[in-house]
>>> print(open('entry-v1.txt').read())   # compact mmCIF, C-alpha atoms
# COMPACT_ATOMS: atom_id res chain seq x y z
CA MET A 1 11.26 -10.97 -9.74
CA ASP A 2 8.41 -11.62 -12.15
CA HIS A 3 6.31 -8.46 -11.89
CA ASP A 4 3.41 -9.99 -13.77
CA SER A 5 2.66 -12.51 -11.01
CA TYR A 6 3.53 -12.23 -7.33
CA PRO A 7 3.45 -15.16 -4.92
CA ASP A 8 0.92 -14.60 -2.14
CA ALA A 9 3.72 -15.13 0.39
CA TYR A 10 5.66 -12.18 -1.09
CA ILE A 11 2.71 -9.78 -0.78
CA HIS A 12 1.75 -11.18 2.63
CA ASP A 13 5.28 -10.68 3.94
CA ILE A 14 5.29 -7.03 2.84
CA LEU A 15 1.92 -6.30 4.42
CA VAL A 16 2.68 -7.89 7.81
CA ARG A 17 6.28 -6.66 8.18
CA HIS A 18 5.94 -3.05 7.04
CA ARG A 19 3.39 -0.79 8.72
CA VAL A 20 4.45 2.77 7.78
CA ILE A 21 3.24 3.81 4.33
CA ALA A 22 3.89 7.09 2.54
CA MET A 23 1.18 7.52 -0.09
CA VAL A 24 2.43 9.68 -2.95
CA GLY A 25 -0.57 11.21 -4.68
CA ALA A 26 -2.91 11.10 -1.69
CA SER A 27 -6.06 13.12 -2.26
CA PRO A 28 -8.32 14.93 0.23
CA LYS A 29 -11.31 14.22 -2.06
CA GLU A 30 -13.49 11.45 -0.60
CA GLN A 31 -14.44 10.08 -4.02
CA ARG A 32 -10.82 9.48 -5.10
CA PRO A 33 -9.39 5.95 -4.82
CA SER A 34 -6.35 7.17 -2.87
CA TYR A 35 -8.66 8.56 -0.17
CA PHE A 36 -10.53 5.34 0.48
CA VAL A 37 -7.38 3.20 0.19
CA MET A 38 -5.76 5.41 2.83
CA LYS A 39 -8.86 5.24 5.04
CA TYR A 40 -9.02 1.44 4.77
CA LEU A 41 -5.33 0.94 5.55
CA MET A 42 -5.55 3.27 8.54
CA ALA A 43 -8.42 1.11 9.84
CA LYS A 44 -6.03 -1.85 9.57
CA ASP A 45 -3.51 -0.05 11.81
CA PHE A 46 -1.12 1.06 9.09
CA GLU A 47 0.51 4.42 9.76
CA MET A 48 -0.30 6.51 6.70
CA ILE A 49 1.70 9.55 5.58
CA PRO A 50 0.04 11.45 2.73
CA ILE A 51 2.30 13.09 0.13
CA ASN A 52 0.82 15.79 -2.12
CA PRO A 53 2.70 19.03 -2.85
CA GLY A 54 -0.55 20.89 -3.57
CA HIS A 55 -1.86 20.13 -0.09
CA ALA A 56 1.37 20.22 1.96
CA GLY A 57 0.79 21.43 5.51
CA ARG A 58 -2.90 20.48 5.48
CA THR A 59 -4.39 17.20 6.67
CA ILE A 60 -6.04 14.22 5.02
CA LEU A 61 -7.97 11.93 7.35
CA GLY A 62 -6.27 13.66 10.27
CA GLN A 63 -2.76 13.00 8.92
CA ARG A 64 -0.39 15.86 8.09
CA VAL A 65 0.31 16.11 4.36
CA PHE A 66 3.92 16.48 3.17
CA GLY A 67 5.07 17.91 -0.14
CA THR A 68 7.75 15.30 -0.84
CA LEU A 69 9.07 12.08 0.67
CA GLY A 70 12.18 13.99 1.76
CA ASP A 71 10.06 16.34 3.87
CA ILE A 72 8.82 13.56 6.17
CA GLY A 73 11.93 13.38 8.38
CA ARG A 74 11.21 9.95 9.86
CA PRO A 75 11.45 6.35 8.63
CA VAL A 76 9.08 5.15 5.92
CA GLU A 77 8.78 1.48 5.05
CA ILE A 78 6.48 1.42 2.00
CA VAL A 79 6.15 4.11 -0.65
CA ASP A 80 2.75 3.66 -2.31
CA ILE A 81 2.73 5.40 -5.70
CA PHE A 82 -0.70 6.78 -6.63
CA ARG A 83 0.68 8.64 -9.66
CA ASN A 84 1.10 7.73 -13.33
CA SER A 85 3.76 5.30 -14.57
CA GLU A 86 6.07 8.10 -15.80
CA ALA A 87 6.20 9.62 -12.29
CA ALA A 88 7.23 6.29 -10.75
CA LEU A 89 10.94 6.62 -11.60
CA PRO A 90 11.66 9.92 -9.78
CA ILE A 91 9.48 8.80 -6.85
CA THR A 92 11.42 5.53 -6.69
CA GLU A 93 14.71 7.45 -6.68
CA GLU A 94 13.41 9.51 -3.75
CA ALA A 95 12.19 6.34 -1.97
CA ILE A 96 15.71 4.91 -2.21
CA ARG A 97 17.20 8.16 -0.83
CA ILE A 98 14.95 8.12 2.25
CA GLY A 99 15.67 4.45 3.00
CA ALA A 100 12.27 2.92 2.19
CA LYS A 101 12.05 -0.86 2.10
CA VAL A 102 9.29 -1.28 -0.50
CA VAL A 103 8.10 0.56 -3.60
CA TRP A 104 4.45 -0.25 -4.30
CA MET A 105 2.92 0.98 -7.57
CA GLN A 106 -0.87 1.14 -7.64
CA LEU A 107 -3.24 -0.47 -10.13
CA GLY A 108 -2.37 0.66 -13.64
CA VAL A 109 1.09 1.88 -12.60
CA ARG A 110 4.04 0.00 -14.03
CA ASN A 111 7.58 1.20 -14.60
CA ASP A 112 10.14 -1.53 -15.21
CA GLU A 113 13.07 0.90 -15.05
CA ALA A 114 11.96 2.08 -11.60
CA ALA A 115 11.46 -1.52 -10.48
CA CYS A 116 14.97 -2.50 -11.60
CA LEU A 117 16.47 0.54 -9.87
CA ALA A 118 14.65 -0.24 -6.63
CA GLU A 119 15.56 -3.93 -6.66
CA ASP A 120 19.21 -3.10 -7.39
CA ALA A 121 19.10 -0.90 -4.26
CA GLY A 122 17.68 -3.79 -2.20
CA LEU A 123 14.03 -2.72 -2.09
CA LYS A 124 11.06 -4.98 -2.72
CA VAL A 125 8.78 -3.93 -5.56
CA VAL A 126 5.11 -4.48 -6.32
CA MET A 127 3.57 -3.06 -9.50
CA ASN A 128 0.00 -2.80 -10.77
CA ARG A 129 -1.52 -3.91 -7.46
CA CYS A 130 -3.46 -2.19 -4.69
CA PRO A 131 -2.48 -2.83 -1.05
CA LYS A 132 -6.12 -2.43 0.01
CA ILE A 133 -7.27 -5.14 -2.39
CA GLU A 134 -4.32 -7.42 -1.57
CA TYR A 135 -4.85 -7.00 2.17
CA GLY A 136 -8.54 -7.82 1.83
CA ARG A 137 -7.84 -10.79 -0.42
CA LEU A 138 -5.11 -12.30 1.75
CA SER A 139 -6.97 -11.74 5.02
CA GLY A 140 -10.11 -13.41 3.68
CA GLU A 141 -12.09 -10.24 4.26
CA ILE A 142 -12.76 -9.66 0.56
CA GLY A 143 -14.44 -13.07 0.27
CA TRP A 144 -17.04 -12.00 2.81
CA ALA A 145 -18.00 -9.20 0.42
CA GLY A 146 -18.80 -11.75 -2.30
CA VAL A 147 -15.56 -11.35 -4.24
CA ASN A 148 -13.62 -14.43 -5.36
CA SER A 149 -10.25 -14.14 -3.62
CA ARG A 150 -8.79 -17.17 -5.46
CA MET A 151 -7.99 -18.65 -2.03
CA LEU A 152 -9.69 -21.55 -0.28
CA SER A 153 -9.55 -21.60 3.49
CA SER A 154 -11.50 -23.09 6.34
CA LYS A 155 -10.53 -20.10 8.50
CA ARG A 156 -13.39 -17.74 9.11
CA PRO A 157 -12.50 -14.04 9.25
CA LEU A 158 -12.42 -12.72 12.81
CA LEU A 159 -15.01 -10.27 14.01
CA GLY A 160 -13.42 -6.94 14.82
CA THR A 161 -14.05 -4.78 17.84
CA LYS A 162 -15.92 -2.27 15.69
CA GLY A 163 -18.43 -4.87 14.50
CA GLY A 164 -18.79 -6.34 11.05
CA GLN A 165 -16.22 -8.53 9.36
CA GLN A 166 -12.86 -7.13 10.41
CA ARG A 167 -9.90 -9.42 9.85
CA VAL A 168 -6.37 -8.52 10.77
CA LEU A 169 -3.60 -9.98 8.66
CA ARG A 170 -0.91 -11.50 10.86
CA ALA A 171 2.45 -13.15 10.25
CA SER A 172 0.96 -16.52 11.33
CA ASP A 173 -1.78 -16.46 8.65
>>> encode(input="entry-v1.txt", output="structure tokens")
Amino acid sequence: MDHDSYPDAYIHDILVRHRVIAMVGASPKEQRPSYFVMKYLMAKDFEMIPINPGHAGRTILGQRVFGTLGDIGRPVEIVDIFRNSEAALPITEEAIRIGAKVVWMQLGVRNDEAACLAEDAGLKVVMNRCPKIEYGRLSGEIGWAGVNSRMLSSKRPLLGTKGGQQRVLRASD
């Protein structure tokens, strides 16, 4: 896999097939990127599991925080790494141990050794991308905010039940 450029179909497939995300490095601070990424993905019906050893046992956005991936005790599909590139390898090893399907490294996070290890174990890998941004781009929602999504489509984003431009990414899109 070329980790410098991902086909839209690859990212789309991950986001529509896998709905349980463990976010390693989740923060309870509203101004932190991990907080608003988690909030956005929860609004898109992803099940979010925050991982932060310093806040284990507490809650972030109403979700119980776990200290490690191994503490979760239930299936996780995507492990979203909101930590630095050096931390990605041990987190990836833990993601493989718990049976995750995808390792997703956030913007600015790249670890080729971790990617190789995950792919050798049969996991999909995304590096240096944000699932919030990719979801918004692929659903067309980000274009309604005035951002160039690099996609042309005659499909208008659907209005959500909460009002505003709420588009749900589906397998048929």
>>> closest_residue(input="entry-v1.txt", among="A:Ala87, A:Ala115, A:Ile21, A:Val76", to="Asp2 in chain A", atoms="all atoms listed in the file")
A:Ala115
>>> closest_residue(input="entry-v1.txt", among="A:Arg58, A:Arg110, A:Arg137, A:Lys29", to="Arg83 in chain A", atoms="all atoms listed in the file")
A:Arg110
>>> atom_distance(input="entry-v1.txt", atom1="CA of Glu113 in chain A", atom2="CA of Asp80 in chain A")
16.6 Å
>>> atom_distance(input="entry-v1.txt", atom1="CA of Gly70 in chain A", atom2="CA of Ile98 in chain A")
6.5 Å
>>> atom_distance(input="entry-v1.txt", atom1="CA of Asn84 in chain A", atom2="CA of Asp4 in chain A")
17.9 Å
>>> residues_around(input="entry-v1.txt", residues="Val79 in chain A", least_positions_apart="3", cutoff="10 Å", atoms="only C-alpha atoms", output="ChimeraX atom specification")
/A:20-24,49,51,69,76,82,91-92,94-96,100-105,125
>>> closest_residue(input="entry-v1.txt", among="A:Pro28, A:Pro7, A:Leu89, A:Arg19", to="Asp45 in chain A", atoms="only C-alpha atoms")
A:Arg19
>>> closest_residue(input="entry-v1.txt", among="A:Ser139, A:Asn52, A:Gln106, A:Ser34", to="Asp71 in chain A", atoms="all atoms listed in the file")
A:Asn52
>>> closest_residue(input="entry-v1.txt", among="A:Ala88, A:Ile60, A:Leu169, A:Leu15", to="Gly108 in chain A", atoms="all atoms listed in the file")
A:Ala88
